[in-house]
Amino acid sequence: MKRSFAVVTDSTADLPEAWRERYDIEVVPLKVLFGEETFRDGVDMSNEEFFARLATSTKLPTTSAPSPGEFAELYTRLAQDHDGCISIHIGRQLSATAEAARVGAQSVEGFRVSVVDSETVTMPMAFLCRVAAECATLDEATAAVEKRIPRCRVLALLDTLRYIEMGGRVSRAQAMIGTMLDLKPLLLVVDREIKPVDRVRTRSRAIPRMVEFFVKDMPVEHVGVVHAQAPEEAEVIAADLRRRLPGLEVPVGQIGCVLGTHTGPKALGLVYIKK
Amino acid sequence: MAENKTPGVDGPLFKRALLGSLSWLSSNHEEVNRLNVFPVPDGDTGTNMLLTLQSAVEDIKESNAAEVSKIAKLASHGSLMGARGNSGVILSQIFRGFARAVEGKSSLTPAELATAFEEAANAAYRAVNKPTEGTILTVAREAGRSASAAASSPDATVPRVIAAAASGARAAVLRTPSQLQILRDAGVVDAGGFGLQIILEGMLKTVEESESSLAALSVSLPVALPASQVAVALPEEGWGYCTEFLIEGTNLDLDRIKHQIESLGNSVLVVGEPELVKVHVHTDDPTRVITLAGGYGKLLKLNVGDMSTQHRRILEGENQASAAPRPNGVGVVAVVAGRGLVDIFRGLGVDAIVEGGQTMNPSTQDMLTAIESVPYDEVILLPNNKNVILAAKQVLGLTKKNVHVIETHSVPQGVAAVVAFRGDRSGADNLAAMKAEAERVQTIEVTHAVRDTRSNGMKVKKGDVIGLINDKLEFAGTDYGEVVNKALSKLGADSYELVTVYRGEDASDDEAEKLESAIRSTHPGLEVEVQQGGQQHYPFILSVE
């Protein structure tokens, strides 16, 4: 039975490819700008192309939110065969996307849009979309999603602090890295903040630390692994989690162009919603 | 006085004897420095002993005590506060044992003096974890035995007992190469033992010489070495003035004085004996401190310095990471030298740096001052050099703060430990994590041999590049890359991931680049990161993890 409302998110949800169809989710792309050139995240530029370009680019790309007009277009289209929609977006502290969605929704008369600021980024948003898609009504979906927002976590292991620092999201001091040393920061996105969890000198020591932290934070309702061009390591972690948590799907997602601009290559993340 | 043939050692005589030791050691400490046991240039044993002895007599110069016990107590206390390096710490324990043995005595008979020498050696043995023969310990014991033998003779006099102690020491020093392989290989006698011999000889010269020639002997003291720079987070109330003085009085109540002074400032240090108390405080109102202290007795060596200028300078450019108060209430103090390394440690959140290391061992006092300056009651101290560990451990008994020493032997161990420090984790949890991380990292130190020697079964020529793995000389050669690659292969480069190269002051850009590419081409599986360390004497220090 087809539900009456649509589910919308943006490209920073790093939605697993299969989920788009499985749960019928619309994805609005954010933008990446290399100088004058603009690319729609995951539409005009694949992740592989993006990271290849990032590696050779002398100047870091910038990112921007979709425009309210783009949201209005989508909502207008969705209004044709839905009586409303839930639009789940990257946290306001990180991007103006949710604001653009809210403004866009106002210009579509007679169509109910429930814009949700997820307060987070990457795959917890995908989990929220799934939760919404499995609800019967828009009100139910909105309540179910909002209830889970405070329980969303992103545990990110960056291979370098360089990108996130240049993007102005986190300073070295905030990441407990006030040094020249190339430390691997382990950061936690929670409560609209990016908090340092640990700092480790080598990657092979950092990955078990990340898993250790996650295990202490269990139980969880959903968990997944995201990566920026580090599929093998992500699969190893996911396999480990599937062994620990039989019955959970543990999807693996790819960090897209927009988020990748801030994480840099080889970033790994454990994304979850606590029980 | 000169003609007064008193048979005993009283306060004034012991004071003169120690001043004689100081001037004799200050003319000869370079000789002690030159006795490098190990082919790395850390020939500072003489300097360390001299600075320790200087601190031992520092307070004595102000004292007119008639009793030998009082002078000995001052020497014990002063040496402990100024002890530097292993030999310095052992010397301070010798003074401590001597002071205990003469407690309550106003003057010593020759026999009592000999017993005190023996007790001094015993105390030093007890203070060291694993006493090694062929060192200053052996020399102290032989001096005591020889003094006792002389004292048992019916015509024993004080000069004869001291003469016997000095000659016993000399004989023991000459035997040290037969006791320690490392000395035999290097073709030297033990430096610390030789230092003690010089101290005893200085005493002997004093007691044998007349008053007039003594005046000539009291030569100038060596120029003080630069004081350690201690950078700490600025406390809310500001720094004000560093106020230091001694209170001379009778039955001084240290606890009470300390309690009162604590209400007037911070970093309070009140140490000493009921007759002489040393006070150190950072206060905004030095006048009140001085007025208060003046009520207890005579103030000596009063010194008030404005610290705000100095600390503002130190704090400039300091990273914000260390500025916010820490939830766990635990501070970290590290001993480091070299501009780059100081920046790295500070950037990792260390609260106070005590400048020092291989060639400039900081004193217990330097470390104590740094610990007291940190706004936390629990402090983790990282010595970062094996020669600093013993002096660092002496701090434990000198402060009310809960201090933990993590025995980091090297800069890489120190960095590994401090990377593992977390402000939201308890002191105990931090200690466990920091120790584990420090033990995990391997250290390669690269320098040049300062003389021809043989060590660890290897012949080394002066100027050769030598590589030490975890303090042990393993490879010698002519090229940095060659020596480092051999060391990495010996460690088993395959089981490691990252090499951090801390570049020393003496390493050129070219040398650093060559070393980096040499490592990369021989061990392509390793990540290589080069950092400015700025340390002296070691062109390269490598951390392998």
# chains A, B, ... in the order shown; residues from 1 in each chain; ligands from 1

$ select_by_dssp --residues "region 31-269 of chain A" --states "helix (DSSP H, G or I)" --output "VMD selection string"
chain A and resid 47 to 56 68 to 79 97 to 106 124 to 133 138 to 151 162 to 166 203 to 216 231 to 244 257 to 263

$ residues_around --residues "Ala206 (chain A)" --least-positions-apart "5" --cutoff "9 Å" --atoms "only C-alpha atoms" --output "list in words"
Leu157, Lys184, Pro185, Leu186, Asp198, Arg199, Val200, Arg201 and Val211 of chain A

$ residues_around --residues "Gly525 (chain B)" --least-positions-apart "3" --cutoff "10 Å" --atoms "only C-alpha atoms" --output "count of residues only"
11

$ residues_around --residues "region 370-378 of chain B" --least-positions-apart "6" --cutoff "6 Å" --atoms "only C-alpha atoms" --output "list in words"
Ser267, Gly329, Val330, Gly331, Lys401, Asn402 and Val403 of chain B

$ residues_around --residues "region 95-98 of chain A" --least-positions-apart "4" --cutoff "10 Å" --atoms "only C-alpha atoms" --output "list in words"
Thr9, Asp10, Thr12, Val28, Pro29, Leu30, Thr63, Ser64, Ala65, Pro66, Ser67, Pro68, Phe71, Ser87, Ile88, His89, Ile90, Gly91, Arg102, Val103, Gly104, Val115, Val116, Asp117, Ser118, Glu119 and Val121 of chain A

$ write_last_selection --atoms "N, CA and C atoms" --output "compact mmCIF listing (two decimals), in the first residue's frame"
# COMPACT_ATOMS: atom_id res chain seq x y z
N THR A 9 15.00 14.10 1.47
CA THR A 9 16.19 14.45 2.24
C THR A 9 17.16 15.17 1.31
N ASP A 10 18.40 15.41 1.79
CA ASP A 10 19.38 16.03 0.89
C ASP A 10 20.58 15.12 0.73
N THR A 12 23.52 15.15 1.69
CA THR A 12 24.44 14.88 2.78
C THR A 12 23.97 13.72 3.67
N VAL A 28 17.62 15.81 -2.54
CA VAL A 28 17.95 17.12 -3.13
C VAL A 28 19.46 17.32 -3.00
N PRO A 29 20.13 17.59 -4.11
CA PRO A 29 21.58 17.73 -4.01
C PRO A 29 22.02 19.09 -3.48
N LEU A 30 23.03 19.08 -2.60
CA LEU A 30 23.76 20.32 -2.28
C LEU A 30 24.76 20.54 -3.39
N THR A 63 31.22 24.69 -0.52
CA THR A 63 29.95 23.99 -0.68
C THR A 63 28.81 24.97 -0.48
N SER A 64 27.64 24.65 -1.05
CA SER A 64 26.50 25.52 -0.80
C SER A 64 25.20 24.72 -0.76
N ALA A 65 24.23 25.28 -0.06
CA ALA A 65 22.93 24.62 0.10
C ALA A 65 22.14 24.74 -1.20
N PRO A 66 21.13 23.85 -1.38
CA PRO A 66 20.22 24.03 -2.52
C PRO A 66 19.45 25.35 -2.31
N SER A 67 18.93 25.89 -3.37
CA SER A 67 18.19 27.15 -3.21
C SER A 67 16.75 26.86 -2.80
N PRO A 68 16.05 27.82 -2.19
CA PRO A 68 14.62 27.61 -1.87
C PRO A 68 13.84 27.27 -3.12
N PHE A 71 13.89 23.63 -3.87
CA PHE A 71 12.96 22.89 -3.01
C PHE A 71 11.52 23.10 -3.47
N SER A 87 10.49 16.48 5.11
CA SER A 87 11.74 16.87 4.46
C SER A 87 12.83 16.93 5.53
N ILE A 88 13.70 15.94 5.55
CA ILE A 88 14.67 15.76 6.65
C ILE A 88 16.04 16.23 6.20
N HIS A 89 16.63 17.21 6.91
CA HIS A 89 17.86 17.82 6.39
C HIS A 89 19.01 17.93 7.38
N ILE A 90 20.15 18.21 6.77
CA ILE A 90 21.40 18.40 7.52
C ILE A 90 21.20 19.51 8.57
N GLY A 91 21.83 19.35 9.72
CA GLY A 91 21.66 20.27 10.84
C GLY A 91 21.93 21.72 10.47
N ARG A 102 12.53 25.24 4.21
CA ARG A 102 11.40 25.88 4.88
C ARG A 102 10.84 27.03 4.01
N VAL A 103 11.75 27.84 3.49
CA VAL A 103 11.34 28.96 2.63
C VAL A 103 10.69 28.43 1.36
N GLY A 104 11.28 27.41 0.77
CA GLY A 104 10.74 26.81 -0.46
C GLY A 104 9.33 26.28 -0.24
N VAL A 115 9.26 20.23 7.66
CA VAL A 115 10.72 20.32 7.51
C VAL A 115 11.37 19.96 8.85
N VAL A 116 12.27 19.02 8.80
CA VAL A 116 12.94 18.55 10.01
C VAL A 116 14.42 18.89 9.96
N ASP A 117 14.86 19.63 10.98
CA ASP A 117 16.29 19.87 11.15
C ASP A 117 16.84 18.67 11.93
N SER A 118 17.64 17.87 11.27
CA SER A 118 18.09 16.62 11.90
C SER A 118 19.17 16.86 12.96
N GLU A 119 19.72 18.06 12.98
CA GLU A 119 20.83 18.43 13.88
C GLU A 119 22.08 17.60 13.64
N VAL A 121 24.33 14.99 10.47
CA VAL A 121 24.76 14.90 9.08
C VAL A 121 25.01 13.43 8.76

$ interface_residues --of "chain B" --to "chain A" --cutoff "12 Å" --atoms "only C-alpha atoms" --output "PyMOL selection string"
chain B and resi 317-324+326+340-350+412+415-425+433-434+437-438+440-441+495-502+526-533+543-545

$ write_last_selection --atoms "C-alpha atoms" --output "compact mmCIF listing (two decimals), in the first residue's frame"
# COMPACT_ATOMS: atom_id res chain seq x y z
CA GLY B 317 51.20 32.46 20.83
CA GLU B 318 50.27 29.77 23.24
CA ASN B 319 47.58 27.54 21.96
CA GLN B 320 44.09 27.91 23.28
CA ALA B 321 43.82 24.17 23.70
CA SER B 322 45.47 24.37 27.10
CA ALA B 323 43.62 27.43 28.32
CA ALA B 324 40.18 26.12 29.24
CA ARG B 326 39.83 20.80 32.51
CA GLY B 340 59.74 22.88 18.08
CA LEU B 341 59.29 20.21 20.71
CA VAL B 342 58.15 22.76 23.27
CA ASP B 343 55.50 23.92 20.78
CA ILE B 344 54.40 20.37 20.09
CA PHE B 345 53.98 19.51 23.76
CA ARG B 346 52.22 22.75 24.50
CA GLY B 347 49.96 22.26 21.51
CA LEU B 348 48.96 18.87 22.84
CA GLY B 349 47.69 20.55 25.99
CA VAL B 350 50.62 20.34 28.42
CA PRO B 412 58.71 10.06 21.41
CA VAL B 415 54.58 12.65 22.87
CA ALA B 416 52.81 9.27 22.80
CA ALA B 417 51.84 9.68 26.45
CA VAL B 418 50.52 13.18 26.10
CA VAL B 419 48.56 12.36 22.92
CA ALA B 420 46.70 9.80 25.02
CA PHE B 421 45.84 12.37 27.71
CA ARG B 422 42.19 13.29 27.90
CA GLY B 423 40.76 16.13 29.91
CA ASP B 424 37.51 14.29 30.56
CA ARG B 425 39.07 11.13 31.93
CA ALA B 433 46.35 4.93 28.95
CA MET B 434 49.41 7.20 28.84
CA GLU B 437 50.91 4.40 24.79
CA ALA B 438 54.39 5.42 25.93
CA ARG B 440 54.10 1.08 22.65
CA VAL B 441 56.26 3.57 20.82
CA SER B 495 54.96 -4.18 12.02
CA TYR B 496 54.86 -0.38 12.22
CA GLU B 497 52.91 2.27 10.42
CA LEU B 498 54.30 5.70 11.10
CA VAL B 499 57.72 7.24 11.57
CA THR B 500 57.85 10.75 12.97
CA VAL B 501 61.19 12.44 12.50
CA TYR B 502 61.93 15.24 14.98
CA LEU B 526 55.90 3.38 6.38
CA GLU B 527 54.32 6.79 6.57
CA VAL B 528 56.99 9.42 7.26
CA GLU B 529 56.31 12.73 8.94
CA VAL B 530 59.05 15.30 9.57
CA GLN B 531 58.63 17.79 12.40
CA GLN B 532 60.80 20.62 13.62
CA GLY B 533 62.06 19.51 17.00
CA SER B 543 59.37 7.88 16.82
CA VAL B 544 58.26 4.55 15.37
CA GLU B 545 54.73 3.36 16.00

$ atom_distance --atom1 "CA of Ala140 (chain B)" --atom2 "CA of Glu30 (chain B)"
20.8 Å

$ closest_atom_pairs --of "region 52-135 of chain A" --to "region 226-237 of chain A" --cutoff "12 Å" --atoms "only C-alpha atoms" --output "CSV"
residue,atom,partner,partner_atom,distance
A:Ala52,CA,A:Gln229,CA,9.9
A:Leu54,CA,A:Ala228,CA,11.8
A:Ala55,CA,A:Gln229,CA,11.7
A:Val121,CA,A:Val226,CA,11.2
A:Thr122,CA,A:Val226,CA,8.0
A:Met123,CA,A:Val226,CA,7.4
A:Pro124,CA,A:Val226,CA,10.4
A:Ala126,CA,A:Val226,CA,11.4

$ write_last_selection --atoms "C-alpha atoms" --output "CSV table (one decimal), in the first residue's frame"
chain,number,residue,atom,x,y,z
A,52,ALA,CA,40.2,12.6,-7.5
A,54,LEU,CA,40.1,17.1,-4.4
A,55,ALA,CA,43.5,15.4,-4.4
A,121,VAL,CA,24.8,14.9,9.1
A,122,THR,CA,25.3,11.8,6.9
A,123,MET,CA,23.6,8.5,7.5
A,124,PRO,CA,21.6,9.1,10.7
A,126,ALA,CA,19.1,8.1,6.1

$ residues_around --residues "region 59-61 of chain A" --least-positions-apart "6" --cutoff "7 Å" --atoms "only C-alpha atoms" --output "list of chain:residue names"
A:Val32, A:Leu33, A:Phe34, A:Gly35, A:Thr261

$ atom_distance --atom1 "CA of Ala132 (chain A)" --atom2 "CA of Cys257 (chain A)"
25.1 Å

$ atom_distance --atom1 "CA of Ala149 (chain B)" --atom2 "CA of Ala165 (chain B)"
9.5 Å

$ closest_residue --among "A:Ile207, A:Val27, A:Leu241, A:Val250" --to "Asp159 (chain A)" --atoms "only C-alpha atoms"
A:Ile207

$ residues_around --residues "region 183-187 of chain B" --least-positions-apart "4" --cutoff "7 Å" --atoms "only C-alpha atoms" --output "MDAnalysis selection string"
chainID B and resid 37 177:178 453:455

$ write_last_selection --atoms "N, CA and C atoms" --output "tab-separated table (two decimals), in the first residue's frame"
chain	number	residue	atom	x	y	z
B	37	VAL	N	80.80	8.69	29.70
B	37	VAL	CA	80.77	7.24	29.70
B	37	VAL	C	80.21	6.73	28.39
B	177	PRO	N	86.53	1.36	36.50
B	177	PRO	CA	86.49	0.69	35.20
B	177	PRO	C	86.52	-0.84	35.33
B	178	SER	N	87.06	-1.35	36.42
B	178	SER	CA	87.09	-2.80	36.56
B	178	SER	C	85.71	-3.32	37.00
B	453	THR	N	85.24	4.94	20.84
B	453	THR	CA	84.81	4.14	21.97
B	453	THR	C	84.38	2.77	21.49
B	454	ARG	N	84.08	1.95	22.45
B	454	ARG	CA	83.49	0.67	22.11
B	454	ARG	C	82.27	0.52	22.99
B	455	SER	N	81.20	0.17	22.39
B	455	SER	CA	79.99	0.02	23.19
B	455	SER	C	79.11	-1.01	22.54

$ closest_residue --among "A:Ala133, A:Val258, A:Ile194, A:Val215" --to "Arg244 (chain A)" --atoms "only C-alpha atoms"
A:Val215

$ select_by_dssp --residues "region 113-261 of chain A" --states "strand (DSSP E)" --output "VMD selection string"
chain A and resid 113 to 117 152 to 157 184 to 190 193 to 200 220 to 227 252 to 254

$ write_last_selection --atoms "C-alpha atoms" --output "short mmCIF file (atom, residue, chain, number, x, y, z; two decimals), in the first residue's frame"
data_model
loop_
_atom_site.label_atom_id
_atom_site.label_comp_id
_atom_site.auth_asym_id
_atom_site.auth_seq_id
_atom_site.Cartn_x
_atom_site.Cartn_y
_atom_site.Cartn_z
CA VAL A 113 5.69 20.07 4.27
CA SER A 114 7.12 19.02 7.60
CA VAL A 115 10.72 20.32 7.51
CA VAL A 116 12.94 18.55 10.01
CA ASP A 117 16.29 19.87 11.15
CA CYS A 152 21.50 10.47 16.58
CA ARG A 153 25.27 10.10 16.67
CA VAL A 154 28.05 10.40 14.13
CA LEU A 155 31.40 9.15 15.28
CA ALA A 156 33.92 10.30 12.71
CA LEU A 157 37.52 9.34 12.29
CA LYS A 184 43.90 11.49 13.64
CA PRO A 185 40.99 13.12 15.42
CA LEU A 186 38.00 11.07 16.50
CA LEU A 187 35.01 13.42 16.62
CA LEU A 188 31.43 12.97 17.75
CA VAL A 189 28.55 14.90 16.23
CA VAL A 190 25.94 15.16 18.97
CA GLU A 193 28.04 20.13 18.31
CA ILE A 194 31.21 18.51 17.07
CA LYS A 195 33.00 17.18 20.12
CA PRO A 196 36.44 15.65 20.29
CA VAL A 197 36.41 12.11 21.59
CA ASP A 198 39.98 11.02 21.15
CA ARG A 199 43.11 11.70 19.18
CA VAL A 200 45.28 8.97 17.86
CA VAL A 220 21.41 1.14 19.26
CA GLU A 221 18.38 1.04 17.06
CA HIS A 222 20.21 1.65 13.78
CA VAL A 223 23.86 1.61 12.90
CA GLY A 224 25.84 1.99 9.72
CA VAL A 225 29.30 2.73 8.43
CA VAL A 226 30.25 5.58 6.12
CA HIS A 227 33.52 6.14 4.36
CA VAL A 252 27.65 0.95 4.33
CA GLY A 253 27.37 4.43 2.82
CA GLN A 254 29.73 6.63 0.89
#
